[in-house]
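Pasted below: my_file_14.cif, mmCIF, C-alpha atoms and all ligand atoms.
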data_input
#
loop_
_atom_site.label_atom_id
_atom_site.label_comp_id
_atom_site.auth_asym_id
_atom_site.auth_seq_id
_atom_site.Cartn_x
_atom_site.Cartn_y
_atom_site.Cartn_z
CA MET X 30 8.76 32.58 19.35
CA LYS X 31 7.96 35.66 21.46
CA THR X 32 4.52 34.97 22.89
CA ILE X 33 2.91 31.69 23.89
CA GLY X 34 -0.78 31.26 24.69
CA VAL X 35 -2.01 28.58 27.08
CA LEU X 36 -5.53 27.30 27.66
CA THR X 37 -7.31 24.41 29.36
CA SER X 38 -10.27 22.85 27.58
CA GLY X 39 -12.90 20.14 28.04
CA GLY X 40 -13.45 18.44 31.40
CA ASP X 41 -11.07 19.69 34.08
CA ALA X 42 -8.57 17.35 35.72
CA PRO X 43 -6.49 17.58 38.90
CA GLY X 44 -2.98 18.59 37.89
CA MET X 45 -4.02 21.06 35.20
CA ASN X 46 -2.87 23.88 37.49
CA ALA X 47 0.52 22.27 37.92
CA ALA X 48 0.80 22.07 34.13
CA ILE X 49 -0.16 25.74 33.69
CA ARG X 50 2.45 26.66 36.31
CA ALA X 51 5.12 24.69 34.48
CA VAL X 52 4.22 26.29 31.14
CA VAL X 53 4.28 29.82 32.55
CA ARG X 54 7.50 29.42 34.51
CA THR X 55 9.41 27.57 31.77
CA ALA X 56 8.40 30.19 29.21
CA ILE X 57 9.37 33.12 31.43
CA TYR X 58 12.66 31.39 32.31
CA ASN X 59 13.36 31.34 28.57
CA GLY X 60 12.44 35.02 28.11
CA VAL X 61 9.10 34.29 26.43
CA ARG X 62 5.85 36.10 27.23
CA VAL X 63 2.87 33.91 28.24
CA LEU X 64 -0.78 34.81 27.79
CA GLY X 65 -3.40 32.84 29.73
CA ILE X 66 -6.58 32.24 27.77
CA GLU X 67 -9.56 31.76 30.09
CA GLN X 68 -12.46 29.32 29.56
CA GLY X 69 -10.86 27.27 26.80
CA TYR X 70 -11.68 27.90 23.17
CA ASN X 71 -14.68 30.06 24.17
CA GLY X 72 -12.31 32.47 25.89
CA LEU X 73 -10.07 32.44 22.84
CA ILE X 74 -12.95 33.41 20.57
CA ASN X 75 -14.02 36.16 22.98
CA GLY X 76 -10.52 37.49 23.65
CA ASN X 77 -10.67 36.58 27.34
CA ILE X 78 -6.88 36.74 27.63
CA LYS X 79 -4.44 38.01 30.26
CA GLU X 80 -0.67 38.17 30.50
CA MET X 81 0.69 35.79 33.13
CA GLN X 82 3.57 36.55 35.46
CA LEU X 83 5.59 34.27 37.72
CA SER X 84 3.25 35.24 40.56
CA SER X 85 0.11 34.39 38.52
CA VAL X 86 0.87 30.73 39.08
CA ALA X 87 2.01 30.94 42.70
CA ASP X 88 0.14 28.75 45.19
CA ILE X 89 -1.66 26.64 42.57
CA ILE X 90 0.45 23.48 42.23
CA HIS X 91 -1.61 21.71 44.90
CA ARG X 92 -5.04 22.93 43.79
CA GLY X 93 -7.59 20.94 41.81
CA GLY X 94 -9.59 22.47 38.96
CA THR X 95 -7.98 24.91 36.57
CA LYS X 96 -7.02 28.50 37.29
CA LEU X 97 -7.69 29.30 33.63
CA ARG X 98 -11.16 27.74 33.89
CA THR X 99 -12.43 25.56 31.09
CA ALA X 100 -15.31 25.00 28.68
CA ARG X 101 -16.60 22.65 26.04
CA SER X 102 -16.93 25.14 23.17
CA GLU X 103 -19.62 24.56 20.55
CA GLU X 104 -18.74 27.76 18.70
CA PHE X 105 -15.16 26.65 18.14
CA LYS X 106 -16.45 23.59 16.29
CA THR X 107 -17.70 25.91 13.54
CA GLU X 108 -15.47 27.36 10.84
CA GLU X 109 -16.64 30.84 11.74
CA GLY X 110 -15.72 30.32 15.38
CA ARG X 111 -12.24 29.16 14.44
CA LYS X 112 -11.77 32.19 12.16
CA LYS X 113 -12.69 34.46 15.06
CA ALA X 114 -10.20 32.59 17.24
CA LEU X 115 -7.45 33.02 14.67
CA ASN X 116 -8.12 36.78 14.50
CA VAL X 117 -7.87 37.04 18.27
CA LEU X 118 -4.58 35.11 18.24
CA GLU X 119 -3.22 37.59 15.70
CA VAL X 120 -4.45 40.64 17.62
CA PHE X 121 -2.75 39.41 20.79
CA GLY X 122 0.43 38.45 18.91
CA ILE X 123 0.26 34.81 20.06
CA ASP X 124 2.68 32.83 17.93
CA GLY X 125 2.34 29.43 19.59
CA LEU X 126 -0.45 27.77 21.57
CA ILE X 127 -0.40 25.14 24.30
CA VAL X 128 -3.67 23.29 24.81
CA ILE X 129 -4.20 21.24 27.97
CA GLY X 130 -7.10 18.80 27.59
CA GLY X 131 -8.29 15.56 26.05
CA ASP X 132 -8.83 14.30 22.51
CA GLY X 133 -11.54 16.88 21.68
CA SER X 134 -9.25 19.69 22.78
CA PHE X 135 -6.40 18.24 20.71
CA ARG X 136 -8.69 18.15 17.67
CA GLY X 137 -9.29 21.88 18.22
CA ALA X 138 -5.52 22.47 18.28
CA GLN X 139 -5.20 20.40 15.12
CA LYS X 140 -7.65 22.73 13.36
CA LEU X 141 -5.72 25.83 14.43
CA ASN X 142 -2.54 24.16 13.30
CA GLU X 143 -4.05 23.57 9.86
CA LEU X 144 -4.62 27.34 9.76
CA GLY X 145 -0.90 27.90 10.37
CA LEU X 146 -0.55 28.22 14.15
CA PRO X 147 2.16 26.20 15.95
CA THR X 148 0.45 24.11 18.65
CA VAL X 149 1.41 21.63 21.35
CA GLY X 150 -1.09 19.56 23.36
CA ILE X 151 -0.72 18.34 26.94
CA PRO X 152 -2.99 15.40 27.90
CA GLY X 153 -5.17 16.54 30.79
CA THR X 154 -8.14 14.27 31.47
CA ILE X 155 -9.08 11.91 34.27
CA ASP X 156 -10.21 9.33 31.70
CA ASN X 157 -6.74 8.12 30.62
CA ASP X 158 -8.33 7.46 27.25
CA LEU X 159 -5.54 8.64 24.94
CA GLY X 160 -3.83 5.70 23.26
CA TYR X 161 -0.46 7.31 22.48
CA THR X 162 0.44 8.01 26.11
CA ASP X 163 0.58 5.65 29.10
CA TYR X 164 -0.94 8.25 31.41
CA THR X 165 -2.86 11.50 31.29
CA ILE X 166 -2.74 14.25 33.93
CA GLY X 167 -5.53 13.77 36.49
CA PHE X 168 -5.95 10.03 36.11
CA ASP X 169 -3.87 9.08 39.13
CA THR X 170 -5.73 11.54 41.37
CA ALA X 171 -9.10 10.31 40.12
CA VAL X 172 -8.11 6.70 40.80
CA ASN X 173 -7.09 7.63 44.33
CA THR X 174 -10.34 9.51 44.89
CA VAL X 175 -12.29 6.47 43.71
CA LEU X 176 -10.18 4.19 45.87
CA ASP X 177 -10.99 6.26 48.94
CA ALA X 178 -14.69 5.88 48.14
CA VAL X 179 -14.32 2.14 47.52
CA SER X 180 -12.74 1.65 50.95
CA LYS X 181 -15.56 3.55 52.64
CA ILE X 182 -18.26 1.70 50.74
CA ARG X 183 -16.57 -1.60 51.54
CA ASP X 184 -17.03 -0.87 55.29
CA THR X 185 -20.77 -0.47 54.97
CA SER X 186 -21.00 -3.30 52.44
CA THR X 187 -19.49 -5.65 55.03
CA SER X 188 -21.67 -4.41 57.88
CA HIS X 189 -24.85 -5.06 55.92
CA GLY X 190 -23.72 -8.06 53.89
CA ARG X 191 -24.67 -6.27 50.71
CA ALA X 192 -23.39 -6.02 47.18
CA ASN X 193 -22.36 -2.50 46.23
CA ILE X 194 -22.04 -1.35 42.65
CA ILE X 195 -19.80 1.68 42.16
CA GLU X 196 -20.06 3.52 38.85
CA VAL X 197 -17.03 5.54 37.82
CA MET X 198 -16.28 7.96 34.99
CA GLY X 199 -14.03 7.36 32.01
CA ARG X 200 -16.32 7.82 29.03
CA HIS X 201 -15.55 4.83 26.74
CA CYS X 202 -12.41 3.90 28.64
CA GLY X 203 -12.36 1.40 31.51
CA ASP X 204 -9.05 2.49 33.07
CA ILE X 205 -10.47 4.27 36.13
CA ALA X 206 -12.60 1.21 36.92
CA LEU X 207 -9.74 -1.20 36.25
CA TYR X 208 -7.05 0.57 38.30
CA SER X 209 -9.28 1.49 41.25
CA GLY X 210 -10.91 -1.94 41.12
CA LEU X 211 -7.57 -3.72 41.31
CA ALA X 212 -6.31 -1.42 44.07
CA GLY X 213 -9.59 -1.70 45.97
CA GLY X 214 -9.89 -5.48 45.70
CA ALA X 215 -13.20 -5.36 43.85
CA GLU X 216 -15.01 -8.66 43.29
CA SER X 217 -16.00 -7.72 39.73
CA ILE X 218 -14.74 -5.06 37.35
CA ILE X 219 -16.93 -4.21 34.39
CA VAL X 220 -15.38 -2.20 31.57
CA PRO X 221 -16.64 -1.22 28.11
CA GLU X 222 -13.64 -2.82 26.40
CA VAL X 223 -14.77 -6.26 27.61
CA GLY X 224 -18.47 -5.98 28.48
CA TYR X 225 -20.21 -8.43 30.83
CA GLU X 226 -22.82 -11.13 31.32
CA VAL X 227 -25.15 -10.50 34.28
CA ASP X 228 -25.27 -14.20 35.04
CA ASN X 229 -21.50 -14.38 35.42
CA VAL X 230 -21.51 -11.42 37.82
CA CYS X 231 -24.27 -13.10 39.82
CA LYS X 232 -22.49 -16.46 39.91
CA LYS X 233 -19.41 -14.81 41.31
CA LEU X 234 -21.40 -12.99 43.98
CA LEU X 235 -23.12 -16.18 45.09
CA LYS X 236 -19.84 -18.07 45.12
CA GLY X 237 -18.38 -15.41 47.39
CA LYS X 238 -21.41 -15.39 49.64
CA ASN X 239 -21.31 -19.17 49.96
CA ARG X 240 -17.76 -19.10 51.17
CA GLY X 241 -18.65 -16.52 53.80
CA LYS X 242 -17.79 -13.26 52.09
CA LEU X 243 -19.62 -10.39 53.70
CA HIS X 244 -19.04 -7.65 51.17
CA SER X 245 -19.03 -7.47 47.39
CA ILE X 246 -17.77 -4.52 45.39
CA ILE X 247 -18.61 -4.31 41.72
CA MET X 248 -16.83 -1.55 39.82
CA ILE X 249 -18.55 -0.48 36.64
CA ALA X 250 -17.27 2.06 34.13
CA GLU X 251 -19.87 4.57 32.95
CA GLY X 252 -19.31 3.55 29.33
CA VAL X 253 -20.78 0.08 29.91
CA GLY X 254 -24.40 0.85 30.57
CA ASN X 255 -26.90 1.38 33.33
CA ALA X 256 -25.56 0.69 36.83
CA SER X 257 -28.98 1.04 38.47
CA GLN X 258 -30.49 -1.51 36.14
CA LEU X 259 -27.62 -3.89 36.84
CA GLY X 260 -28.28 -3.45 40.58
CA GLU X 261 -31.94 -4.42 40.14
CA GLU X 262 -31.02 -7.45 38.04
CA ILE X 263 -28.46 -8.66 40.58
CA GLU X 264 -30.88 -8.30 43.46
CA GLU X 265 -33.58 -10.14 41.56
CA LYS X 266 -31.32 -12.99 40.43
CA THR X 267 -29.30 -13.52 43.62
CA GLY X 268 -31.51 -12.25 46.41
CA ILE X 269 -28.49 -10.27 47.65
CA GLU X 270 -29.44 -6.78 48.71
CA THR X 271 -27.65 -4.41 46.31
CA ARG X 272 -26.90 -0.69 46.43
CA VAL X 273 -25.63 1.53 43.62
CA THR X 274 -23.32 4.53 44.04
CA ILE X 275 -22.59 6.78 41.09
CA LEU X 276 -19.48 8.69 42.10
CA GLY X 277 -19.85 11.43 39.46
CA HIS X 278 -17.93 14.68 39.54
CA ILE X 279 -16.27 14.05 42.87
CA GLN X 280 -13.75 12.20 40.67
CA ARG X 281 -12.78 15.39 38.85
CA GLY X 282 -11.87 17.47 41.89
CA GLY X 283 -9.36 17.50 44.69
CA SER X 284 -5.71 18.19 45.24
CA PRO X 285 -3.57 16.36 42.65
CA THR X 286 -1.40 13.46 43.79
CA ALA X 287 2.39 13.76 43.71
CA ARG X 288 2.39 11.61 40.59
CA ASP X 289 0.02 13.95 38.75
CA ARG X 290 1.90 17.07 39.87
CA ILE X 291 5.21 15.65 38.67
CA LEU X 292 3.74 14.47 35.36
CA ALA X 293 2.10 17.86 34.82
CA SER X 294 5.31 19.74 35.64
CA GLN X 295 7.36 17.62 33.24
CA MET X 296 4.81 17.81 30.45
CA GLY X 297 4.26 21.56 30.85
CA ALA X 298 7.99 22.24 30.57
CA GLU X 299 8.35 19.89 27.60
CA ALA X 300 5.49 21.59 25.75
CA VAL X 301 7.23 24.97 26.00
CA ASN X 302 10.57 23.47 24.98
CA LEU X 303 8.97 21.95 21.89
CA LEU X 304 7.50 25.28 20.77
CA LEU X 305 10.82 27.03 21.41
CA ALA X 306 12.58 24.38 19.32
CA GLY X 307 10.30 25.27 16.41
CA GLU X 308 8.17 22.11 16.67
CA THR X 309 4.52 22.24 15.74
CA CYS X 310 1.41 20.04 15.69
CA LYS X 311 2.74 18.00 18.60
CA VAL X 312 1.35 16.42 21.73
CA VAL X 313 3.42 15.42 24.73
CA GLY X 314 2.98 12.15 26.59
CA ILE X 315 4.72 9.59 28.75
CA LYS X 316 5.81 6.17 27.48
CA ASP X 317 7.70 3.61 29.59
CA ASN X 318 8.30 6.31 32.20
CA LYS X 319 9.88 8.75 29.73
CA ILE X 320 8.39 12.04 28.61
CA MET X 321 7.94 11.92 24.83
CA SER X 322 6.16 13.79 22.04
CA MET X 323 4.40 12.81 18.87
CA ASN X 324 2.71 14.40 15.90
CA THR X 325 -0.88 15.23 16.90
CA ASN X 326 -2.47 13.58 13.86
CA GLU X 327 -0.57 10.38 14.48
CA ALA X 328 -1.27 10.44 18.22
CA LEU X 329 -5.02 10.74 17.67
CA GLU X 330 -5.01 7.60 15.55
CA TYR X 331 -3.90 5.46 18.48
CA GLU X 332 -6.78 3.61 20.11
CA ARG X 333 -6.62 3.13 23.85
CA ASP X 334 -6.29 -0.58 24.61
CA LEU X 335 -7.23 -2.02 27.96
CA ASP X 336 -4.28 -3.52 29.81
CA GLN X 337 -5.32 -7.14 29.34
CA GLU X 338 -2.66 -8.47 31.73
CA MET X 339 -3.93 -6.23 34.48
CA TYR X 340 -7.52 -7.19 33.72
CA LYS X 341 -6.59 -10.89 33.87
CA LEU X 342 -4.88 -10.30 37.20
CA THR X 343 -8.03 -8.74 38.66
CA LYS X 344 -9.89 -11.93 37.73
CA ILE X 345 -7.30 -14.15 39.38
CA LEU X 346 -7.10 -12.11 42.57
CA SER X 347 -10.85 -11.85 43.00
CA ILE X 348 -11.48 -15.58 42.56
O1 LIG A 401 -13.81 13.50 30.11
C1 LIG A 401 -13.89 13.64 31.48
C2 LIG A 401 -15.26 13.31 31.97
O2 LIG A 401 -15.27 13.49 33.37
C3 LIG A 401 -15.82 11.93 31.60
O3 LIG A 401 -15.30 10.92 32.40
C4 LIG A 401 -17.30 12.17 31.75
O4 LIG A 401 -18.03 11.28 30.93
C5 LIG A 401 -17.47 13.57 31.29
O5 LIG A 401 -16.22 14.21 31.42
C6 LIG A 401 -18.50 14.37 32.04
O6 LIG A 401 -18.59 15.61 31.45
P1 LIG A 401 -19.32 16.87 32.08
O7 LIG A 401 -18.52 17.37 33.23
O8 LIG A 401 -19.38 17.84 30.96
O9 LIG A 401 -20.66 16.38 32.53
#
What is this structure when it is put down as structure tokens?
Amino acid sequence: MKTIGVLTSGGDAPGMNAAIRAVVRTAIYNGVRVLGIEQGYNGLINGNIKEMQLSSVADIIHRGGTKLRTARSEEFKTEEGRKKALNVLEVFGIDGLIVIGGDGSFRGAQKLNELGLPTVGIPGTIDNDLGYTDYTIGFDTAVNTVLDAVSKIRDTSTSHGRANIIEVMGRHCGDIALYSGLAGGAESIIVPEVGYEVDNVCKKLLKGKNRGKLHSIIMIAEGVGNASQLGEEIEEKTGIETRVTILGHIQRGGSPTARDRILASQMGAEAVNLLLAGETCKVVGIKDNKIMSMNTNEALEYERDLDQEMYKLTKILSI
């Protein structure tokens, strides 16, 4: 393997830069050329590609976003788009590709692999929605960002004696809501994997109010439904003044936590090592605190399960 390409794709995640840095530096350390493909699969199709040096990744380990920029490419989903991409890979002499992104990005890599290109995926998404790995790059930072917001909202919730609903990202996965809800001491955590009954949420709020609780934080994952509508229902049924905050893209930015930087560095290095060892169609992950890898097709079959023990604990602690 003489030349490795690297791209970031899909929604960005804090720690992607640390992963790019690890890929570039591990490859150069091993005498391999690295080409940075900008704007994900769109950039691949359009030949938006530059050689990366050691200095190209200096001063980025602590930065959010992705130096290579990203995109959700519609063109790459077509056969014609993928053919164009393959031509570009040939023209630039790229003989292995590292894709940093979520499940959609991995599916793109899978397609290129079917066309004969060695690929390795690195899980970069705040959602933590990939079943084969315990954690994805960006999740820990997003949880900490949410936690910071929860603490601030809790202050004003207490001052006004209100209920505050906080909607977080995660697509169909409730992990951001679950982890930040547990860490933030939320009264209720609503996740798509479990669902909810409005009456149960209301009962809990009233129970808390009756025992003198001044604040109530309800975490809701975006995959569950309409947070604003829930706010109206709660207010109507309980008489408790309720406010809704949709945190949105603030969750995708910011300097990555130490945990995300370390994970990204380990995964980036492992991805290069796999390609150099002649492996293909792989994704890297972390299981039981150990960096591991798995066949991409197999990895994508794993469904993400909610940590039921943790969910149960949130119920006990918010009694
Ligand atoms: O997959 C990451 C994510 O932030 C999801 O949590 C969210 O649903 C989605 O991306 C938002 O996508 P976009 O930035 O394209 O609006």
_Using all atoms listed in the file, which residues of the polymer chains come no farther than 9 Å from ligand LIG 401 (chain A)? I'd like the answer as a ChimeraX atom specification._
/X:39-42,100-101,130-131,154-158,197-202,251-252,277-278,280-281
*Counting all atoms listed in the file, write as a count of residues only all protein and nucleic acid residues lying at most 8 Å from (1.1, 21.1, 23.4) in the file's frame.*
14
_For Leu97 in chain X, find every residue with an atom within 12 Å (counting only C-alpha atoms), except residues of its own chain fewer than 4 positions away, and show them as a PyMOL selection string._
chain X and resi 34-39+41+45-50+64-73+77-81+85-86+89+93+128-129
Emit the selected residues as a tab-separated table (two decimals), in the coordinates of the input, including C-alpha atoms.
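File produced: out16.tsv:
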chain	number	residue	atom	x	y	z
X	34	GLY	CA	-0.78	31.26	24.69
X	35	VAL	CA	-2.01	28.58	27.08
X	36	LEU	CA	-5.53	27.30	27.66
X	37	THR	CA	-7.31	24.41	29.36
X	38	SER	CA	-10.27	22.85	27.58
X	39	GLY	CA	-12.90	20.14	28.04
X	41	ASP	CA	-11.07	19.69	34.08
X	45	MET	CA	-4.02	21.06	35.20
X	46	ASN	CA	-2.87	23.88	37.49
X	47	ALA	CA	0.52	22.27	37.92
X	48	ALA	CA	0.80	22.07	34.13
X	49	ILE	CA	-0.16	25.74	33.69
X	50	ARG	CA	2.45	26.66	36.31
X	64	LEU	CA	-0.78	34.81	27.79
X	65	GLY	CA	-3.40	32.84	29.73
X	66	ILE	CA	-6.58	32.24	27.77
X	67	GLU	CA	-9.56	31.76	30.09
X	68	GLN	CA	-12.46	29.32	29.56
X	69	GLY	CA	-10.86	27.27	26.80
X	70	TYR	CA	-11.68	27.90	23.17
X	71	ASN	CA	-14.68	30.06	24.17
X	72	GLY	CA	-12.31	32.47	25.89
X	73	LEU	CA	-10.07	32.44	22.84
X	77	ASN	CA	-10.67	36.58	27.34
X	78	ILE	CA	-6.88	36.74	27.63
X	79	LYS	CA	-4.44	38.01	30.26
X	80	GLU	CA	-0.67	38.17	30.50
X	81	MET	CA	0.69	35.79	33.13
X	85	SER	CA	0.11	34.39	38.52
X	86	VAL	CA	0.87	30.73	39.08
X	89	ILE	CA	-1.66	26.64	42.57
X	93	GLY	CA	-7.59	20.94	41.81
X	128	VAL	CA	-3.67	23.29	24.81
X	129	ILE	CA	-4.20	21.24	27.97
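Distance cut-off 10 Å, centre (-19.1, -7.0, 52.1), atoms counted all atoms listed in the file; the residues meeting this are Ile182, Arg183, Asp184, Thr185, Ser186, Thr187, Ser188, His189, Gly190, Arg191, Ala192, Asn193, Glu216, Gly237, Lys238, Gly241, Lys242, Leu243, His244, Ser245 and Ile246 of chain X.
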*Which polymer residues have any atom within 12 Å of an atom of Glu330 in chain X, counting only C-alpha atoms, with same-chain residues fewer than 2 positions away left out, as a ChimeraX atom specification?*
/X:132,135-136,159-162,323-328,332-333
